[in-house]
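Chemist: My structure is below; once you've seen it, I'll send some questions.
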Amino acid sequence: MAKILTVDDAPAVLKILNLVLTTEGHEVTSASNGMEALEKIENSKFDIGIFDVNMPGMTGIEL
């Protein structure tokens with residue numbers, strides 16, 4: 001299955017995404033902001049990313 005990075009500033013959204021995606025057999029890594037996501041991207045490879053568009057600091061589009 002896919003290795004997925006989820007990024008959202010809302011912990012509830014990250015929890016739901018993690019539950020749904022891991023239930024389907026995917027490996028999920030989560031980050032709560034753009035800078036944290038960049039660190040994870042530098043240290044690992046992902047098949048796909050699911051980013052919140054409207055986050056403080058760095059938007060999902062900027063990421």
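Every chain in the structure tokens takes a letter, A first, then B, and so on in the order presented; its residues are numbered from 1, and the ligands are numbered from 1 following the presented order.
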DSSP on the backbone, alpha helix (DSSP H) only: what residues of region 17-59 of chain A does that give? Format it as a VMD selection string.

Modeler: chain A and resid 17 to 23 34 to 43

Chemist: Show me, as a list in words, the residues that have an atom within 10 Å of Gly60 (chain A) when counting only C-alpha atoms, minus same-chain residues fewer than 3 positions from it.

Modeler: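 After dropping sequence-adjacent residues, the list is Val7, Asp8, Asn33, Gly34, Ala37, Gly49, Ile50, Phe51, Asp52, Val53, Asn54, Met55, Pro56, Gly57 and Leu63 of chain A.
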
Chemist: Can you list every residue in chain A that DSSP puts in strand (DSSP E), as a PyMOL selection string?

Modeler: chain A and resi 3-7+27-31+48-51

Chemist: Would you pick out the contacts of region 11-25 of chain A at 7 Å or less, using only C-alpha atoms, so that residues sharing its chain but fewer than 4 positions from it are not included, and give the list as a list in words?

Modeler: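 Near neighbours after the sequence-gap exclusion: Met1, Thr6 and Ser30 of chain A.
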
Chemist: Using only C-alpha atoms, which residue out of A:Glu62, A:Glu36, A:Glu42, A:Asp47 lies closest to Asp9 (chain A)?

Modeler: A:Glu36
